[in-house]
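Asker: Please find one structure pasted underneath; my questions will follow.
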There are 2 protein chains.
Amino acid sequence: MENYKHILVCIDLSDESKKVFARAQALAQSNQAKLSLLHVIEPLSFAYGGDIPIDLTDVQEQLQQQAQKHLESFTQESNLTSSDCHIIVGQPVAEAHRLAKEYGADLIVVGSHGRHGLALLLGSTANGILHGAGCDVMAVRVPN
Amino acid sequence: MENYKHILVCIDLSDESKKVFARAQALAQSNQAKLSLLHVIEPLSFAYGGDIPIDLTDVQEQLQQQAQKHLESFTQESNLTSSDCHIIVGQPVAEAHRLAKEYGADLIVVGSHGRHGLALLLGSTANGILHGAGCDVMAVRVPN
């Protein structure tokens, strides 16, 4: 079986996602694969309905700066350089698919809460990434 | 990151599932993990609506025997013994979850067609296994 060559790990910067990142690192190591990291910030206009009559540009920028700092503390013990880490404003599933395709990633690693029932219909990120992915997907179970 | 200890691979015995099996073997090897194989045959009464006025017991038994033979040809080049291979009549998602729990598997490997849209609502096996799994899930992309 051929090794994976490029692994894309998608994380939300929560404490739980440290487990996801560690698993992706272990897989990258055992496969001698390149590792890229993706953190997607959902646009505030999406999160709050899109019809708020105030300018959220500054808040959005602050969020991105905070995410950047958080990401640095997150990856400081890894071999990742800043060019391997991507903070993108958008929708997590779409951006994961897009970046995986753009980089020719052959494995996407993502956290999964393992929820079922309603969550299936509402669509978790792991579920969304699984559907429509052009490559393998590893869903790492994190606590609910 | 701790290695996986027990990997459960779920296959449908199609040609495509050879790729799924090979990936599970590679993961078992790099993690020095035990590998168990599950093939689930859906009961004919489920598949055909449950109200057929004929006795399907013989047909069901033949199906199981055929699956057993197919499974042997499938695993003959692996290190799996017959006690590591499970053919169960039931519903794939439920049986995968049950067996993973029973055996304390920490990773389930399953094929995924990567379909989206309607297939999400109809529920693919990979999607069903992802939801409600108590452990990590690796979805290996197979051709549509």
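Following the order of the structure tokens, chains are lettered A, B, ..., residues in each are numbered from 1, and ligands are numbered from 1.
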Could you pull the residues within 10 Å of His86 (chain A), counting only C-alpha atoms, minus those fewer than 4 positions along the same chain, as JSON, numbers by chain?

Answerer: {"A": [10, 36, 37, 38, 39, 40, 68, 71, 82, 99]}

Asker: Please dump the current selection as an mmCIF file, in the first residue's frame; keep N, CA and C atoms.

Answerer:
```
data_model
loop_
_atom_site.group_PDB
_atom_site.id
_atom_site.type_symbol
_atom_site.label_atom_id
_atom_site.label_comp_id
_atom_site.auth_asym_id
_atom_site.auth_seq_id
_atom_site.Cartn_x
_atom_site.Cartn_y
_atom_site.Cartn_z
ATOM 1 N N CYS A 10 -7.514 19.472 9.643
ATOM 2 C CA CYS A 10 -8.420 20.602 9.843
ATOM 3 C C CYS A 10 -8.742 20.700 11.326
ATOM 4 N N SER A 36 -0.058 19.669 6.254
ATOM 5 C CA SER A 36 -0.547 21.046 6.203
ATOM 6 C C SER A 36 -1.704 21.184 7.178
ATOM 7 N N LEU A 37 -1.839 22.363 7.726
ATOM 8 C CA LEU A 37 -2.882 22.603 8.724
ATOM 9 C C LEU A 37 -3.858 23.663 8.231
ATOM 10 N N LEU A 38 -5.122 23.404 8.466
ATOM 11 C CA LEU A 38 -6.148 24.359 8.060
ATOM 12 C C LEU A 38 -7.041 24.712 9.245
ATOM 13 N N HIS A 39 -7.180 26.002 9.469
ATOM 14 C CA HIS A 39 -8.190 26.455 10.431
ATOM 15 C C HIS A 39 -9.112 27.427 9.708
ATOM 16 N N VAL A 40 -10.387 27.118 9.745
ATOM 17 C CA VAL A 40 -11.345 27.964 9.036
ATOM 18 C C VAL A 40 -12.142 28.793 10.033
ATOM 19 N N GLN A 68 -4.566 33.400 14.686
ATOM 20 C CA GLN A 68 -3.166 33.285 14.273
ATOM 21 C C GLN A 68 -2.267 33.024 15.488
ATOM 22 N N LEU A 71 -2.906 29.627 16.906
ATOM 23 C CA LEU A 71 -2.339 28.612 16.026
ATOM 24 C C LEU A 71 -0.841 28.470 16.257
ATOM 25 N N SER A 82 5.087 28.485 9.232
ATOM 26 C CA SER A 82 3.868 29.270 9.030
ATOM 27 C C SER A 82 3.299 29.065 7.623
ATOM 28 N N LEU A 99 -8.943 23.214 -0.381
ATOM 29 C CA LEU A 99 -7.507 23.191 -0.101
ATOM 30 C C LEU A 99 -6.921 21.796 -0.370
#
```

Asker: I'd like the contact shell of region 23-31 of chain A - 12 Å cut-off, only C-alpha atoms, skipping same-chain residues fewer than 6 positions apart - returned as a PyMOL selection string.

Answerer: (chain A and resi 1-11+16-17+37-38+75+77-80+105-111+137-142) or (chain B and resi 1-4+23+26-32+107+136+138)

Asker: May I have the residues within 10 Å of Ile88 (chain B) as a PDB file with N, CA, C and O atoms, in the first residue's frame, using only C-alpha atoms and disregarding those fewer than 2 positions away in the same chain?

Answerer:
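part.pdb was written with the following content:
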```
ATOM      1  N   LEU B  38     -14.575  -7.403   9.266  1.00  0.00           N
ATOM      2  CA  LEU B  38     -16.025  -7.615   9.370  1.00  0.00           C
ATOM      3  C   LEU B  38     -16.677  -7.483   7.998  1.00  0.00           C
ATOM      4  O   LEU B  38     -16.452  -6.514   7.274  1.00  0.00           O
ATOM      5  N   HIS B  39     -17.457  -8.509   7.672  1.00  0.00           N
ATOM      6  CA  HIS B  39     -18.319  -8.399   6.481  1.00  0.00           C
ATOM      7  C   HIS B  39     -19.748  -8.653   6.925  1.00  0.00           C
ATOM      8  O   HIS B  39     -20.052  -9.677   7.529  1.00  0.00           O
ATOM      9  N   VAL B  40     -20.613  -7.699   6.623  1.00  0.00           N
ATOM     10  CA  VAL B  40     -21.999  -7.832   7.063  1.00  0.00           C
ATOM     11  C   VAL B  40     -22.890  -8.146   5.860  1.00  0.00           C
ATOM     12  O   VAL B  40     -22.828  -7.455   4.830  1.00  0.00           O
ATOM     13  N   ILE B  41     -23.657  -9.193   5.990  1.00  0.00           N
ATOM     14  CA  ILE B  41     -24.656  -9.517   4.970  1.00  0.00           C
ATOM     15  C   ILE B  41     -25.999  -9.012   5.468  1.00  0.00           C
ATOM     16  O   ILE B  41     -26.445  -9.384   6.556  1.00  0.00           O
ATOM     17  N   GLU B  42     -26.610  -8.176   4.670  1.00  0.00           N
ATOM     18  CA  GLU B  42     -27.920  -7.676   5.112  1.00  0.00           C
ATOM     19  C   GLU B  42     -28.960  -8.775   4.920  1.00  0.00           C
ATOM     20  O   GLU B  42     -28.978  -9.461   3.885  1.00  0.00           O
ATOM     21  N   PRO B  43     -29.835  -8.953   5.906  1.00  0.00           N
ATOM     22  CA  PRO B  43     -30.866  -9.983   5.789  1.00  0.00           C
ATOM     23  C   PRO B  43     -31.724  -9.737   4.557  1.00  0.00           C
ATOM     24  O   PRO B  43     -32.076  -8.587   4.261  1.00  0.00           O
ATOM     25  N   GLN B  64     -24.312 -16.706   2.636  1.00  0.00           N
ATOM     26  CA  GLN B  64     -23.275 -16.698   3.663  1.00  0.00           C
ATOM     27  C   GLN B  64     -22.101 -17.586   3.267  1.00  0.00           C
ATOM     28  O   GLN B  64     -20.946 -17.238   3.498  1.00  0.00           O
ATOM     29  N   CYS B  85     -11.807 -13.052  11.201  1.00  0.00           N
ATOM     30  CA  CYS B  85     -12.758 -12.631  10.169  1.00  0.00           C
ATOM     31  C   CYS B  85     -14.187 -12.950  10.604  1.00  0.00           C
ATOM     32  O   CYS B  85     -14.485 -14.079  10.977  1.00  0.00           O
ATOM     33  N   HIS B  86     -15.033 -11.975  10.505  1.00  0.00           N
ATOM     34  CA  HIS B  86     -16.391 -12.142  10.995  1.00  0.00           C
ATOM     35  C   HIS B  86     -17.389 -11.880   9.878  1.00  0.00           C
ATOM     36  O   HIS B  86     -17.382 -10.806   9.283  1.00  0.00           O
ATOM     37  N   GLY B  90     -26.865  -8.904   9.386  1.00  0.00           N
ATOM     38  CA  GLY B  90     -27.417  -7.801  10.176  1.00  0.00           C
ATOM     39  C   GLY B  90     -27.353  -6.514   9.389  1.00  0.00           C
ATOM     40  O   GLY B  90     -27.339  -6.537   8.154  1.00  0.00           O
ATOM     41  N   GLN B  91     -27.324  -5.419  10.098  1.00  0.00           N
ATOM     42  CA  GLN B  91     -27.233  -4.123   9.429  1.00  0.00           C
ATOM     43  C   GLN B  91     -25.818  -3.583   9.621  1.00  0.00           C
ATOM     44  O   GLN B  91     -25.319  -3.494  10.746  1.00  0.00           O
ATOM     45  N   PRO B  92     -25.158  -3.253   8.509  1.00  0.00           N
ATOM     46  CA  PRO B  92     -23.727  -2.932   8.540  1.00  0.00           C
ATOM     47  C   PRO B  92     -23.307  -1.933   9.626  1.00  0.00           C
ATOM     48  O   PRO B  92     -22.357  -2.184  10.365  1.00  0.00           O
ATOM     49  N   GLU B  95     -23.772  -3.388  13.218  1.00  0.00           N
ATOM     50  CA  GLU B  95     -22.827  -4.467  13.509  1.00  0.00           C
ATOM     51  C   GLU B  95     -21.406  -3.938  13.659  1.00  0.00           C
ATOM     52  O   GLU B  95     -20.632  -4.435  14.475  1.00  0.00           O
ATOM     53  N   ALA B  96     -21.054  -2.956  12.847  1.00  0.00           N
ATOM     54  CA  ALA B  96     -19.705  -2.368  12.961  1.00  0.00           C
ATOM     55  C   ALA B  96     -19.533  -1.725  14.332  1.00  0.00           C
ATOM     56  O   ALA B  96     -18.522  -1.925  15.004  1.00  0.00           O
TER      57      ALA B  96
END
```

Asker: Could you pull out the residues in region 54-131 of chain A that DSSP calls helix (DSSP H, G or I) from the backbone, as a ChimeraX atom specification?

Answerer: /A:57-75,82-84,92-103,118-122,125-130

Asker: Convert the current residue selection to file output with C-alpha atoms, as a PDB file, in the first residue's frame.

Answerer:
```pdb
ATOM      1  CA  THR A  57     -14.774  44.088   9.559  1.00  0.00           C
ATOM      2  CA  ASP A  58     -12.737  45.077  12.624  1.00  0.00           C
ATOM      3  CA  VAL A  59     -14.146  42.258  14.728  1.00  0.00           C
ATOM      4  CA  GLN A  60     -13.429  39.799  11.937  1.00  0.00           C
ATOM      5  CA  GLU A  61      -9.835  41.010  11.715  1.00  0.00           C
ATOM      6  CA  GLN A  62      -9.396  40.691  15.472  1.00  0.00           C
ATOM      7  CA  LEU A  63     -10.728  37.147  15.304  1.00  0.00           C
ATOM      8  CA  GLN A  64      -8.207  36.298  12.627  1.00  0.00           C
ATOM      9  CA  GLN A  65      -5.343  37.792  14.617  1.00  0.00           C
ATOM     10  CA  GLN A  66      -6.387  35.834  17.695  1.00  0.00           C
ATOM     11  CA  ALA A  67      -6.639  32.656  15.664  1.00  0.00           C
ATOM     12  CA  GLN A  68      -3.166  33.285  14.273  1.00  0.00           C
ATOM     13  CA  LYS A  69      -1.699  33.626  17.785  1.00  0.00           C
ATOM     14  CA  HIS A  70      -3.557  30.578  19.017  1.00  0.00           C
ATOM     15  CA  LEU A  71      -2.339  28.612  16.026  1.00  0.00           C
ATOM     16  CA  GLU A  72       1.257  29.559  16.734  1.00  0.00           C
ATOM     17  CA  SER A  73       1.050  28.322  20.321  1.00  0.00           C
ATOM     18  CA  PHE A  74      -0.648  25.212  18.974  1.00  0.00           C
ATOM     19  CA  THR A  75       2.059  24.331  16.486  1.00  0.00           C
ATOM     20  CA  SER A  82       3.868  29.270   9.030  1.00  0.00           C
ATOM     21  CA  SER A  83       3.642  28.484   5.323  1.00  0.00           C
ATOM     22  CA  ASP A  84       2.181  25.080   6.225  1.00  0.00           C
ATOM     23  CA  PRO A  92     -15.102  24.728   6.931  1.00  0.00           C
ATOM     24  CA  VAL A  93     -16.284  21.909   4.657  1.00  0.00           C
ATOM     25  CA  ALA A  94     -15.926  23.851   1.426  1.00  0.00           C
ATOM     26  CA  GLU A  95     -12.496  25.190   2.373  1.00  0.00           C
ATOM     27  CA  ALA A  96     -11.243  21.754   3.436  1.00  0.00           C
ATOM     28  CA  HIS A  97     -12.310  20.276   0.104  1.00  0.00           C
ATOM     29  CA  ARG A  98     -10.884  23.189  -1.846  1.00  0.00           C
ATOM     30  CA  LEU A  99      -7.507  23.191  -0.101  1.00  0.00           C
ATOM     31  CA  ALA A 100      -7.199  19.392  -0.247  1.00  0.00           C
ATOM     32  CA  LYS A 101      -7.803  19.542  -3.984  1.00  0.00           C
ATOM     33  CA  GLU A 102      -5.492  22.503  -4.534  1.00  0.00           C
ATOM     34  CA  TYR A 103      -2.641  20.809  -2.690  1.00  0.00           C
ATOM     35  CA  LEU A 118     -30.185  15.060  14.747  1.00  0.00           C
ATOM     36  CA  ALA A 119     -26.524  15.982  14.343  1.00  0.00           C
ATOM     37  CA  LEU A 120     -26.481  13.863  11.204  1.00  0.00           C
ATOM     38  CA  LEU A 121     -29.151  15.996   9.596  1.00  0.00           C
ATOM     39  CA  LEU A 122     -27.647  19.233  10.870  1.00  0.00           C
ATOM     40  CA  THR A 125     -17.909  19.166   9.898  1.00  0.00           C
ATOM     41  CA  ALA A 126     -16.483  15.639   9.823  1.00  0.00           C
ATOM     42  CA  ASN A 127     -19.597  14.378   8.101  1.00  0.00           C
ATOM     43  CA  GLY A 128     -19.554  17.201   5.605  1.00  0.00           C
ATOM     44  CA  ILE A 129     -15.901  16.636   4.829  1.00  0.00           C
ATOM     45  CA  LEU A 130     -16.449  12.924   4.363  1.00  0.00           C
TER      46      LEU A 130
END
```

Asker: Restricting the calculation to only C-alpha atoms, which member of B:His131, B:Val89, B:Asp15, B:Pro143 is positioned closest to chain A?

Answerer: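 Using only C-alpha atoms, chain A sits closest to B:His131.
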
Asker: In Å to one decimal, how far is CA of Asp12 (chain A) from CA of Ala33 (chain B)?

Answerer: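 Here the two named atoms are 29.0 Å from each other.
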